[in-house]
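Below is upload-v5.cif, holding mmCIF, C-alpha atoms.
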```
data_final
#
loop_
_atom_site.label_atom_id
_atom_site.label_comp_id
_atom_site.auth_asym_id
_atom_site.auth_seq_id
_atom_site.Cartn_x
_atom_site.Cartn_y
_atom_site.Cartn_z
CA MET A 1490 -13.44 -25.19 56.38
CA ILE A 1491 -12.21 -22.64 53.84
CA ARG A 1492 -14.79 -20.56 52.09
CA ARG A 1493 -14.10 -19.16 48.68
CA HIS A 1494 -15.43 -15.72 47.91
CA HIS A 1495 -16.10 -14.99 44.25
CA VAL A 1496 -15.36 -11.40 43.37
CA ARG A 1497 -17.32 -10.09 40.43
CA VAL A 1498 -15.18 -8.01 38.14
CA PRO A 1499 -17.06 -5.19 36.40
CA VAL A 1500 -17.47 -5.54 32.65
CA ALA A 1501 -15.65 -2.26 32.08
CA ALA A 1502 -12.64 -3.54 34.01
CA ARG A 1503 -12.55 -6.71 31.91
CA LEU A 1504 -12.81 -4.81 28.65
CA ALA A 1505 -10.26 -2.12 29.57
CA PRO A 1506 -7.16 -4.23 28.68
CA MET A 1507 -8.67 -5.18 25.32
CA VAL A 1508 -9.48 -1.55 24.51
CA LEU A 1509 -5.95 -0.52 25.50
CA LEU A 1510 -4.44 -3.27 23.34
CA LEU A 1511 -6.53 -2.23 20.34
CA ALA A 1512 -5.51 1.40 20.86
CA LEU A 1513 -1.84 0.46 20.98
CA CYS A 1514 -2.21 -1.68 17.84
CA GLY A 1515 -3.84 1.26 16.09
CA CYS A 1516 -0.95 3.55 17.05
CA SER A 1517 1.53 1.01 15.68
CA ALA A 1518 -0.39 0.78 12.42
CA LEU A 1519 -0.34 4.57 12.08
CA ASP A 1520 3.40 4.64 12.79
CA HIS A 1521 4.05 2.30 9.85
CA GLY A 1522 1.57 3.96 7.47
CA PHE A 1523 1.67 6.92 5.13
CA LEU A 1524 0.39 9.22 7.90
CA ASN A 1525 3.92 8.92 9.27
CA ALA A 1526 5.44 9.66 5.87
CA ALA A 1527 9.22 9.39 5.50
CA GLY A 1528 9.60 10.30 1.83
CA PRO A 1529 8.35 12.83 -0.74
CA VAL A 1530 5.86 10.47 -2.42
CA ALA A 1531 4.21 9.37 0.84
CA THR A 1532 4.15 13.01 1.99
CA ASP A 1533 2.22 13.97 -1.15
CA GLU A 1534 -0.18 11.07 -0.56
CA ARG A 1535 -0.74 12.17 3.03
CA HIS A 1536 -1.42 15.74 1.91
CA LEU A 1537 -3.93 14.53 -0.67
CA PHE A 1538 -5.57 12.28 1.94
CA PHE A 1539 -6.13 15.24 4.28
CA ILE A 1540 -7.60 17.37 1.47
CA VAL A 1541 -10.00 14.63 0.32
CA SER A 1542 -10.95 13.90 3.95
CA ALA A 1543 -11.82 17.57 4.47
CA VAL A 1544 -13.98 17.51 1.33
CA LEU A 1545 -15.75 14.37 2.53
CA VAL A 1546 -16.40 16.00 5.91
CA PHE A 1547 -17.95 18.92 4.03
CA VAL A 1548 -20.15 16.44 2.14
CA ALA A 1549 -21.14 14.30 5.13
CA GLY A 1550 -21.36 17.14 7.67
CA PRO A 1551 -24.64 18.66 6.43
CA VAL A 1552 -26.23 15.20 6.28
CA LEU A 1553 -25.19 14.35 9.83
CA LEU A 1554 -26.49 17.70 11.08
CA LEU A 1555 -29.70 17.96 9.06
CA VAL A 1556 -31.02 14.41 9.60
CA PRO A 1557 -31.58 14.86 13.37
CA LEU A 1558 -32.76 18.45 12.74
CA PHE A 1559 -35.37 17.25 10.23
CA ALA A 1560 -36.44 14.46 12.58
CA TRP A 1561 -36.94 16.98 15.36
CA HIS A 1562 -38.68 19.58 13.17
CA TYR A 1563 -41.11 17.12 11.59
CA ARG A 1564 -41.87 15.21 14.77
CA LEU A 1565 -45.44 14.17 15.42
CA GLY A 1566 -45.89 16.66 18.23
CA ASN A 1567 -44.93 19.73 16.15
CA ALA A 1568 -48.33 21.10 15.14
CA ASP A 1569 -47.45 24.82 15.11
CA ASP A 1570 -45.63 25.07 11.75
CA ALA A 1571 -47.33 25.59 8.42
CA TYR A 1572 -48.76 22.53 6.65
CA ARG A 1573 -48.20 22.60 2.87
CA PRO A 1574 -49.41 19.31 1.35
CA ASN A 1575 -49.30 20.70 -2.22
CA TRP A 1576 -45.72 22.06 -2.09
CA ASN A 1577 -43.58 20.48 -4.83
CA PHE A 1578 -40.76 22.80 -6.00
CA SER A 1579 -38.23 25.33 -4.73
CA TRP A 1580 -35.34 26.89 -6.61
CA TRP A 1581 -33.10 27.21 -3.57
CA VAL A 1582 -33.66 23.57 -2.65
CA GLU A 1583 -32.80 22.54 -6.20
CA GLY A 1584 -29.68 24.68 -6.03
CA LEU A 1585 -28.58 23.05 -2.79
CA ILE A 1586 -29.17 19.62 -4.30
CA TRP A 1587 -27.22 20.15 -7.53
CA ILE A 1588 -24.68 22.99 -7.27
CA PRO A 1589 -22.52 21.76 -4.33
CA PRO A 1590 -22.18 18.17 -5.62
CA ILE A 1591 -21.27 19.38 -9.10
CA GLY A 1592 -18.66 21.73 -7.65
CA ILE A 1593 -17.22 18.98 -5.46
CA VAL A 1594 -16.95 16.54 -8.38
CA ILE A 1595 -15.25 19.13 -10.60
CA GLY A 1596 -12.88 20.18 -7.81
CA LEU A 1597 -11.90 16.60 -6.98
CA ALA A 1598 -11.42 15.80 -10.67
CA VAL A 1599 -8.96 18.68 -11.12
CA LEU A 1600 -7.21 17.85 -7.85
CA LEU A 1601 -6.82 14.14 -8.61
CA TRP A 1602 -5.73 14.80 -12.19
CA ASN A 1603 -2.82 16.93 -10.98
CA TRP A 1604 -1.92 14.56 -8.13
CA THR A 1605 -2.05 11.50 -10.37
CA HIS A 1606 0.69 12.99 -12.54
CA LEU A 1607 2.62 14.33 -9.54
CA ASP A 1608 2.81 10.91 -7.88
CA ASP A 1609 3.13 8.81 -11.02
CA PRO A 1610 5.32 5.86 -9.92
CA TYR A 1611 7.22 6.11 -13.23
CA ARG A 1612 8.12 9.77 -12.67
CA LYS A 1613 11.76 10.39 -11.76
CA LEU A 1614 12.39 12.05 -8.42
CA ALA A 1615 14.76 14.90 -7.67
CA GLY A 1616 17.98 14.29 -5.78
CA GLY A 1617 20.54 13.20 -8.33
CA PRO A 1618 21.02 10.02 -10.35
CA PRO A 1619 18.85 7.22 -8.94
CA ILE A 1620 20.09 3.94 -7.53
CA GLU A 1621 19.02 1.16 -9.88
CA VAL A 1622 17.36 -1.92 -8.36
CA GLU A 1623 15.69 -4.92 -10.00
CA ALA A 1624 13.02 -6.53 -7.81
CA VAL A 1625 11.66 -10.05 -8.31
CA ALA A 1626 8.55 -11.10 -6.37
CA LEU A 1627 8.70 -14.74 -5.29
CA ASP A 1628 6.67 -17.07 -3.10
CA TRP A 1629 7.07 -15.85 -0.35
CA LYS A 1630 9.95 -13.44 -0.40
CA TRP A 1631 11.40 -10.50 -2.32
CA LEU A 1632 14.66 -10.59 -4.27
CA PHE A 1633 16.43 -7.26 -4.85
CA ILE A 1634 19.27 -7.10 -7.39
CA TYR A 1635 21.59 -4.10 -7.48
CA PRO A 1636 22.93 -4.39 -11.05
CA ASP A 1637 25.44 -1.54 -10.71
CA GLU A 1638 26.90 -3.12 -7.58
CA GLY A 1639 26.72 -6.71 -8.83
CA PHE A 1640 25.09 -8.15 -5.69
CA ALA A 1641 21.62 -9.13 -4.49
CA THR A 1642 19.63 -9.30 -1.25
CA VAL A 1643 16.57 -11.17 -0.09
CA ASN A 1644 14.01 -9.30 2.03
CA GLN A 1645 16.20 -6.26 2.65
CA LEU A 1646 16.36 -3.07 0.62
CA ALA A 1647 18.67 -0.15 1.46
CA LEU A 1648 19.02 3.37 0.07
CA PRO A 1649 20.78 6.55 1.20
CA VAL A 1650 18.68 9.39 2.57
CA GLY A 1651 18.01 12.11 0.02
CA ARG A 1652 18.90 10.06 -3.04
CA PRO A 1653 16.16 8.51 -5.21
CA MET A 1654 15.90 4.85 -6.10
CA HIS A 1655 14.47 3.48 -9.35
CA ILE A 1656 13.03 -0.04 -9.06
CA ARG A 1657 12.08 -2.31 -11.96
CA LEU A 1658 9.72 -5.05 -10.85
CA THR A 1659 8.62 -8.41 -12.16
CA SER A 1660 7.28 -11.61 -10.65
CA GLY A 1661 8.79 -15.05 -10.79
CA THR A 1662 5.42 -16.58 -9.96
CA VAL A 1663 1.92 -15.11 -9.74
CA MET A 1664 0.95 -11.45 -9.71
CA GLN A 1665 2.01 -9.64 -6.54
CA SER A 1666 2.02 -6.08 -5.30
CA LEU A 1667 4.84 -4.18 -3.57
CA LEU A 1668 3.94 -1.61 -0.93
CA ILE A 1669 6.21 0.53 1.27
CA PRO A 1670 3.58 2.68 3.03
CA GLN A 1671 5.95 5.29 4.50
CA LEU A 1672 7.77 5.82 1.20
CA SER A 1673 5.37 5.15 -1.68
CA GLY A 1674 2.11 3.66 -2.85
CA GLN A 1675 1.68 0.11 -4.08
CA ILE A 1676 2.59 -1.16 -7.52
CA TYR A 1677 2.01 -4.56 -9.10
CA ALA A 1678 4.63 -7.04 -10.21
CA MET A 1679 3.53 -9.49 -12.92
CA ALA A 1680 5.23 -12.45 -14.53
CA GLY A 1681 6.62 -11.71 -17.98
CA MET A 1682 6.12 -7.97 -17.53
CA THR A 1683 7.93 -5.08 -15.85
CA THR A 1684 6.61 -2.16 -13.86
CA GLU A 1685 8.57 0.73 -12.38
CA LEU A 1686 8.62 2.52 -9.05
CA ASN A 1687 10.60 5.57 -7.92
CA ILE A 1688 11.08 6.10 -4.20
CA ALA A 1689 13.17 8.29 -1.90
CA ALA A 1690 13.60 8.67 1.85
CA SER A 1691 13.78 12.03 3.60
CA ARG A 1692 15.02 10.75 6.97
CA PRO A 1693 16.92 7.72 8.29
CA GLY A 1694 14.94 4.78 9.61
CA ARG A 1695 13.71 1.20 9.18
CA TYR A 1696 10.53 0.96 7.15
CA LEU A 1697 8.14 -1.88 6.42
CA GLY A 1698 7.72 -3.32 2.95
CA GLN A 1699 5.27 -6.05 2.03
CA ASN A 1700 3.24 -7.85 -0.60
CA THR A 1701 -0.42 -6.82 -0.60
CA GLN A 1702 -1.65 -9.29 -3.25
CA TYR A 1703 -2.69 -12.65 -1.79
CA ASN A 1704 -0.51 -15.43 -3.18
CA GLY A 1705 -0.88 -18.43 -0.91
CA ALA A 1706 -0.06 -19.78 2.51
CA GLY A 1707 2.99 -17.59 3.19
CA PHE A 1708 1.35 -14.34 2.12
CA ALA A 1709 1.05 -12.89 5.65
CA ARG A 1710 4.78 -13.28 6.26
CA GLN A 1711 6.02 -11.94 2.93
CA LYS A 1712 7.49 -8.76 4.40
CA PHE A 1713 10.85 -7.05 4.06
CA THR A 1714 12.81 -4.22 5.66
CA VAL A 1715 13.74 -0.98 3.95
CA LEU A 1716 16.80 0.73 5.44
CA ALA A 1717 17.11 4.47 4.87
CA LEU A 1718 20.73 5.22 5.79
CA SER A 1719 23.04 8.18 5.95
CA GLY A 1720 25.73 8.38 3.26
CA ALA A 1721 28.41 6.81 5.46
CA ASP A 1722 26.11 4.07 6.76
CA TYR A 1723 24.98 3.25 3.23
CA GLN A 1724 28.58 2.85 2.08
CA ALA A 1725 29.22 0.56 5.06
CA TRP A 1726 26.12 -1.48 4.13
CA LEU A 1727 27.38 -1.80 0.55
CA GLY A 1728 30.70 -3.08 1.86
CA ARG A 1729 29.01 -5.72 4.07
CA VAL A 1730 26.92 -7.05 1.20
CA HIS A 1731 29.91 -7.09 -1.17
CA ARG A 1732 31.78 -9.23 1.36
CA ALA A 1733 28.97 -11.80 1.58
CA PRO A 1734 30.42 -15.14 0.43
CA ALA A 1735 27.24 -16.48 -1.22
CA ILE A 1736 26.85 -16.20 -5.00
CA LEU A 1737 23.45 -15.96 -6.66
CA ASP A 1738 24.04 -18.47 -9.45
CA GLN A 1739 21.65 -20.94 -11.04
CA ALA A 1740 21.81 -23.34 -8.09
CA ALA A 1741 21.11 -20.56 -5.57
CA TRP A 1742 18.28 -19.30 -7.76
CA ARG A 1743 16.62 -22.71 -7.73
CA THR A 1744 16.77 -22.66 -3.93
CA ILE A 1745 15.39 -19.19 -3.27
CA SER A 1746 12.72 -19.49 -5.95
CA GLN A 1747 11.08 -22.35 -4.09
CA ARG A 1748 7.86 -21.64 -2.19
CA THR A 1749 9.33 -20.88 1.23
CA VAL A 1750 9.26 -18.01 3.71
CA ALA A 1751 12.68 -16.46 4.34
CA PRO A 1752 13.11 -16.31 8.16
CA HIS A 1753 15.75 -13.58 7.87
CA PRO A 1754 17.40 -11.47 5.13
CA ARG A 1755 19.99 -13.13 2.90
CA PHE A 1756 22.87 -11.51 1.05
CA PHE A 1757 24.66 -12.54 -2.13
CA GLY A 1758 28.00 -10.83 -2.71
CA ALA A 1759 27.81 -11.62 -6.43
CA VAL A 1760 25.04 -12.37 -8.90
CA VAL A 1761 25.18 -13.82 -12.39
CA PRO A 1762 24.70 -11.06 -14.97
CA GLY A 1763 21.32 -10.78 -16.65
CA LEU A 1764 19.38 -12.75 -14.01
CA PHE A 1765 16.47 -10.29 -13.97
CA GLN A 1766 16.11 -10.44 -17.75
CA ARG A 1767 16.35 -14.23 -17.67
CA VAL A 1768 13.52 -14.43 -15.12
CA LEU A 1769 11.50 -12.02 -17.21
CA THR A 1770 12.05 -14.05 -20.38
CA GLU A 1771 11.32 -17.41 -18.77
CA THR A 1772 8.11 -16.26 -17.09
CA SER A 1773 6.99 -14.52 -20.26
CA GLY A 1774 7.44 -17.71 -22.24
CA GLY A 1775 5.67 -19.73 -19.57
CA ALA A 1776 2.76 -17.33 -19.50
CA HIS A 1777 2.49 -17.42 -23.30
CA ALA A 1778 2.59 -21.23 -23.30
CA ALA A 1779 -0.07 -21.41 -20.60
CA MET A 1780 -2.32 -18.99 -22.49
CA THR A 1781 -1.81 -20.95 -25.71
CA ALA A 1782 -2.67 -24.23 -23.99
CA HIS A 1783 -5.74 -22.68 -22.39
CA ALA A 1784 -6.89 -21.28 -25.74
CA ALA A 1785 -6.43 -24.71 -27.33
CA GLU A 1786 -8.56 -26.31 -24.61
CA LEU A 1787 -11.30 -23.73 -25.13
CA ALA A 1788 -11.23 -24.30 -28.90
CA LYS A 1789 -11.41 -28.07 -28.36
CA ASP A 1790 -14.42 -27.70 -26.04
CA ALA A 1791 -16.12 -25.42 -28.55
CA ARG A 1792 -15.81 -28.08 -31.28
#
```
Show this structure as structure tokens.
Amino acid sequence: MIRRHHVRVPVAARLAPMVLLLALCGCSALDHGFLNAAGPVATDERHLFFIVSAVLVFVAGPVLLLVPLFAWHYRLGNADDAYRPNWNFSWWVEGLIWIPPIGIVIGLAVLLWNWTHLDDPYRKLAGGPPIEVEAVALDWKWLFIYPDEGFATVNQLALPVGRPMHIRLTSGTVMQSLLIPQLSGQIYAMAGMTTELNIAASRPGRYLGQNTQYNGAGFARQKFTVLALSGADYQAWLGRVHRAPAILDQAAWRTISQRTVAPHPRFFGAVVPGLFQRVLTETSGGAHAAMTAHAAELAKDAR
């Protein structure tokens, strides 16, 4: 007869793999975030984050230190200190309550005012003439048109290291938001409207881009790759896209504008001129028509 012995595994041993997995996931998230900045805008954001974090530590530190100190000092067993039931005012206490917070608010206001203008997404970046890109947010993919090159890509954006890129954004569907954490902050793309974003990369690499505005079932997989390439590699990338046989014409537009997730990047060696403006015009008219119809319904209900 075979006897089975049940070995009890300690709770710590069972939880250790989960803790390790969470730690590794956290490291990966930091690698793809602005703390691992790869461009001038993200570097400024990281610098500002550290400054504000230090200020918040200065604000929270006294609270974290004084709460246990007060609890210990005013404990029930402390009968040796003076008892002042009629005490009600102290200038130095009032000063501690009001002066530091006022100084912190003023300091942060000046700091954020300057940084808001420094990292304005519409502000041109140094490094020569920017590469022009027109971005269209779709469900659930990103279309990038290079008007000067006459081609387009889906879910892949490339730029040379050290040279800025100027992106005009719109949406072919609902409002979405473009975020490239290691290169820039997020900016919204809205149907019938344009927004602008200026980015640059300071070192070669592959960086994550994504939509951060929920827009349906494929939202979690609406991600794209940003390639920061050396000058020679960027020219080689341009040549590969130019040689792509597909053409982004009206038929191709109807296909990619459908609500599907792109499993891999697509390349169009040619694109019909004025596509971005056409999308902008069509969505603007649709939005106006929808608003007009909605206003008519409200007026009808009111009568």
Item to check | Who sits within 7 Å of Gln1711 in chain A, all atoms listed in the file, same chain under 4 positions skipped, as number ranges by chain | outcome: A: 1629-1630, 1699-1700, 1707, 1750
I want to know what sits within 8 Å of Glu1534 in chain A, based on all atoms listed in the file, with residues of the same chain fewer than 3 positions away left out; could you give that as a PDB file with C-alpha atoms, in the coordinates of the input?
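Result file result_3.pdb:
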```pdb
ATOM      1  CA  PHE A1523       1.670   6.920   5.130  1.00  0.00           C
ATOM      2  CA  VAL A1530       5.860  10.470  -2.420  1.00  0.00           C
ATOM      3  CA  ALA A1531       4.210   9.370   0.840  1.00  0.00           C
ATOM      4  CA  LEU A1537      -3.930  14.530  -0.670  1.00  0.00           C
ATOM      5  CA  PHE A1538      -5.570  12.280   1.940  1.00  0.00           C
ATOM      6  CA  ASP A1608       2.810  10.910  -7.880  1.00  0.00           C
TER       7      ASP A1608
END
```
Checklist entry - Which residues fall under the PyMOL selection byres ((chain A and resi 1643) around 6) in this file, as a ChimeraX atom specification? => result /A:1631-1632,1642,1644-1645,1754-1755
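Shortest separation to Val1622 in chain A among A:Gly1584, A:Pro1589, A:Pro1653, A:Gly1596 occurs at residue A:Pro1653, atoms counted being all atoms listed in the file.
Picture a line from CA of Leu1718 in chain A to CA of Thr1683 in chain A; it runs 27.2 Å.
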I want to know what sits within 8 Å of range 1743-1747 of chain A, based on only C-alpha atoms, with residues of the same chain fewer than 4 positions away left out; could you give that as a JSON list (two decimals) with C-alpha atoms, in the coordinates of the input?
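Generated file (around.json):
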```json
[["chain", "number", "residue", "atom", "x", "y", "z"],
["A", 1627, "LEU", "CA", 8.70, -14.74, -5.29],
["A", 1628, "ASP", "CA", 6.67, -17.07, -3.10],
["A", 1661, "GLY", "CA", 8.79, -15.05, -10.79],
["A", 1739, "GLN", "CA", 21.65, -20.94, -11.04]]
```
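Distance-wise, CA of Trp1602 in chain A and CA of Leu1686 in chain A end up 19.1 Å apart.
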Checklist entry - Taking the file as shown, what set of residues would the PyMOL selection byres ((chain A and resi 1663) around 9) give back, as a PyMOL selection string? => result chain A and resi 1626-1628+1660-1662+1664-1665+1678-1680+1704
Expected file: the selected residues, C-alpha atoms, as a PDB file, in the frame of the given file:
```pdb
ATOM      1  CA  ALA A1626       8.550 -11.100  -6.370  1.00  0.00           C
ATOM      2  CA  LEU A1627       8.700 -14.740  -5.290  1.00  0.00           C
ATOM      3  CA  ASP A1628       6.670 -17.070  -3.100  1.00  0.00           C
ATOM      4  CA  SER A1660       7.280 -11.610 -10.650  1.00  0.00           C
ATOM      5  CA  GLY A1661       8.790 -15.050 -10.790  1.00  0.00           C
ATOM      6  CA  THR A1662       5.420 -16.580  -9.960  1.00  0.00           C
ATOM      7  CA  MET A1664       0.950 -11.450  -9.710  1.00  0.00           C
ATOM      8  CA  GLN A1665       2.010  -9.640  -6.540  1.00  0.00           C
ATOM      9  CA  ALA A1678       4.630  -7.040 -10.210  1.00  0.00           C
ATOM     10  CA  MET A1679       3.530  -9.490 -12.920  1.00  0.00           C
ATOM     11  CA  ALA A1680       5.230 -12.450 -14.530  1.00  0.00           C
ATOM     12  CA  ASN A1704      -0.510 -15.430  -3.180  1.00  0.00           C
TER      13      ASN A1704
END
```
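We find CA of Leu1646 in chain A and CA of Val1715 in chain A to be spaced 4.7 Å apart.
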Return the padded bounding box of range 1574-1587 of chain A as JSON: axis-aligned, built from all atoms listed in the file, 6 Å added on each side, with centre and edge lengths in Å to one decimal.
```
{"center_x": -38.3, "center_y": 23.3, "center_z": -3.1, "size_x": 34.2, "size_y": 19.9, "size_z": 20.9}
```
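With all atoms listed in the file as the atoms that count, the residue of A:Thr1749, A:Ile1669, A:Asn1687, A:Ser1773 with the shortest distance to Ala1706 in chain A is A:Thr1749.
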Checklist entry - Care to translate the PyMOL selection byres ((chain A and resi 1535) around 12) into actual residues of this file, as a list in words? => result Leu1519, Gly1522, Phe1523, Leu1524, Asn1525, Ala1526, Ala1527, Gly1528, Pro1529, Val1530, Ala1531, Thr1532, Asp1533, Glu1534, His1536, Leu1537, Phe1538, Phe1539, Ile1540, Val1541, Ser1542, Trp1604, Asp1608, Pro1670, Gln1671, Leu1672, Ser1673 and Gly1674 of chain A
Find the residues near Met1654 in chain A: any atom within 8 Å, counting only C-alpha atoms, skip ones fewer than 2 places away on the same chain, and give them as a tab-separated table (two decimals) with C-alpha atoms, in the coordinates of the input.
```
chain	number	residue	atom	x	y	z
A	1619	PRO	CA	18.85	7.22	-8.94
A	1620	ILE	CA	20.09	3.94	-7.53
A	1621	GLU	CA	19.02	1.16	-9.88
A	1622	VAL	CA	17.36	-1.92	-8.36
A	1648	LEU	CA	19.02	3.37	0.07
A	1652	ARG	CA	18.90	10.06	-3.04
A	1656	ILE	CA	13.03	-0.04	-9.06
A	1687	ASN	CA	10.60	5.57	-7.92
A	1688	ILE	CA	11.08	6.10	-4.20
A	1689	ALA	CA	13.17	8.29	-1.90
```
Next on the checklist: Report as a ChimeraX atom specification all protein, DNA and RNA residues lying within 7 Å of Gly1651 in chain A, evaluated on all atoms listed in the file, omitting residues in the same chain fewer than 5 positions from it.
Outcome noted: /A:1616,1689-1691
Store the residues of this selection in a file with C-alpha atoms, as a PDB file, keeping the file's coordinate frame.
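This is the output file out_18.pdb:
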```pdb
ATOM      1  CA  GLY A1616      17.980  14.290  -5.780  1.00  0.00           C
ATOM      2  CA  ALA A1689      13.170   8.290  -1.900  1.00  0.00           C
ATOM      3  CA  ALA A1690      13.600   8.670   1.850  1.00  0.00           C
ATOM      4  CA  SER A1691      13.780  12.030   3.600  1.00  0.00           C
TER       5      SER A1691
END
```
Starting from the incomplete input, reconstruct all heavy atoms of range 1660-1667 of chain A and report them as a PDB file, in the coordinates of the input.
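This went into result_33.pdb:
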```
ATOM      1  N   SER A1660       7.612 -10.508 -11.544  1.00  0.00           N
ATOM      2  CA  SER A1660       7.280 -11.610 -10.650  1.00  0.00           C
ATOM      3  C   SER A1660       7.800 -12.912 -11.237  1.00  0.00           C
ATOM      4  O   SER A1660       7.693 -13.143 -12.440  1.00  0.00           O
ATOM      5  CB  SER A1660       5.763 -11.702 -10.424  1.00  0.00           C
ATOM      6  OG  SER A1660       5.430 -12.859  -9.678  1.00  0.00           O
ATOM      7  N   GLY A1661       8.367 -13.727 -10.355  1.00  0.00           N
ATOM      8  CA  GLY A1661       8.790 -15.050 -10.790  1.00  0.00           C
ATOM      9  C   GLY A1661       7.705 -16.078 -10.676  1.00  0.00           C
ATOM     10  O   GLY A1661       7.895 -17.227 -11.073  1.00  0.00           O
ATOM     11  N   THR A1662       6.547 -15.659 -10.129  1.00  0.00           N
ATOM     12  CA  THR A1662       5.420 -16.580  -9.960  1.00  0.00           C
ATOM     13  C   THR A1662       4.138 -15.865 -10.384  1.00  0.00           C
ATOM     14  O   THR A1662       4.028 -15.444 -11.523  1.00  0.00           O
ATOM     15  CB  THR A1662       5.329 -17.060  -8.499  1.00  0.00           C
ATOM     16  OG1 THR A1662       5.170 -15.921  -7.631  1.00  0.00           O
ATOM     17  CG2 THR A1662       6.592 -17.792  -8.087  1.00  0.00           C
ATOM     18  N   VAL A1663       3.199 -15.743  -9.447  1.00  0.00           N
ATOM     19  CA  VAL A1663       1.920 -15.110  -9.740  1.00  0.00           C
ATOM     20  C   VAL A1663       2.030 -13.593  -9.548  1.00  0.00           C
ATOM     21  O   VAL A1663       3.046 -13.090  -9.091  1.00  0.00           O
ATOM     22  CB  VAL A1663       0.817 -15.665  -8.809  1.00  0.00           C
ATOM     23  CG1 VAL A1663       0.606 -17.146  -9.076  1.00  0.00           C
ATOM     24  CG2 VAL A1663       1.171 -15.427  -7.343  1.00  0.00           C
ATOM     25  N   MET A1664       0.963 -12.895  -9.885  1.00  0.00           N
ATOM     26  CA  MET A1664       0.950 -11.450  -9.710  1.00  0.00           C
ATOM     27  C   MET A1664       1.017 -11.083  -8.232  1.00  0.00           C
ATOM     28  O   MET A1664       0.332 -11.675  -7.401  1.00  0.00           O
ATOM     29  CB  MET A1664      -0.321 -10.845 -10.322  1.00  0.00           C
ATOM     30  CG  MET A1664      -0.380  -9.333 -10.203  1.00  0.00           C
ATOM     31  SD  MET A1664      -1.754  -8.589 -11.128  1.00  0.00           S
ATOM     32  CE  MET A1664      -3.146  -9.197 -10.172  1.00  0.00           C
ATOM     33  N   GLN A1665       1.872 -10.124  -7.901  1.00  0.00           N
ATOM     34  CA  GLN A1665       2.010  -9.640  -6.540  1.00  0.00           C
ATOM     35  C   GLN A1665       2.061  -8.125  -6.549  1.00  0.00           C
ATOM     36  O   GLN A1665       2.107  -7.503  -7.612  1.00  0.00           O
ATOM     37  CB  GLN A1665       3.259 -10.245  -5.885  1.00  0.00           C
ATOM     38  CG  GLN A1665       3.232 -11.774  -5.859  1.00  0.00           C
ATOM     39  CD  GLN A1665       4.431 -12.379  -5.179  1.00  0.00           C
ATOM     40  OE1 GLN A1665       4.877 -11.897  -4.146  1.00  0.00           O
ATOM     41  NE2 GLN A1665       4.970 -13.446  -5.759  1.00  0.00           N
ATOM     42  N   SER A1666       2.051  -7.531  -5.370  1.00  0.00           N
ATOM     43  CA  SER A1666       2.020  -6.080  -5.300  1.00  0.00           C
ATOM     44  C   SER A1666       2.954  -5.600  -4.189  1.00  0.00           C
ATOM     45  O   SER A1666       2.842  -6.046  -3.048  1.00  0.00           O
ATOM     46  CB  SER A1666       0.595  -5.582  -5.028  1.00  0.00           C
ATOM     47  OG  SER A1666       0.563  -4.166  -4.996  1.00  0.00           O
ATOM     48  N   LEU A1667       3.869  -4.707  -4.529  1.00  0.00           N
ATOM     49  CA  LEU A1667       4.840  -4.180  -3.570  1.00  0.00           C
ATOM     50  C   LEU A1667       4.304  -2.891  -2.967  1.00  0.00           C
ATOM     51  O   LEU A1667       3.831  -2.003  -3.677  1.00  0.00           O
ATOM     52  CB  LEU A1667       6.175  -3.938  -4.248  1.00  0.00           C
ATOM     53  CG  LEU A1667       7.324  -3.448  -3.361  1.00  0.00           C
ATOM     54  CD1 LEU A1667       8.634  -4.088  -3.800  1.00  0.00           C
ATOM     55  CD2 LEU A1667       7.446  -1.924  -3.415  1.00  0.00           C
TER      56      LEU A1667
END
```
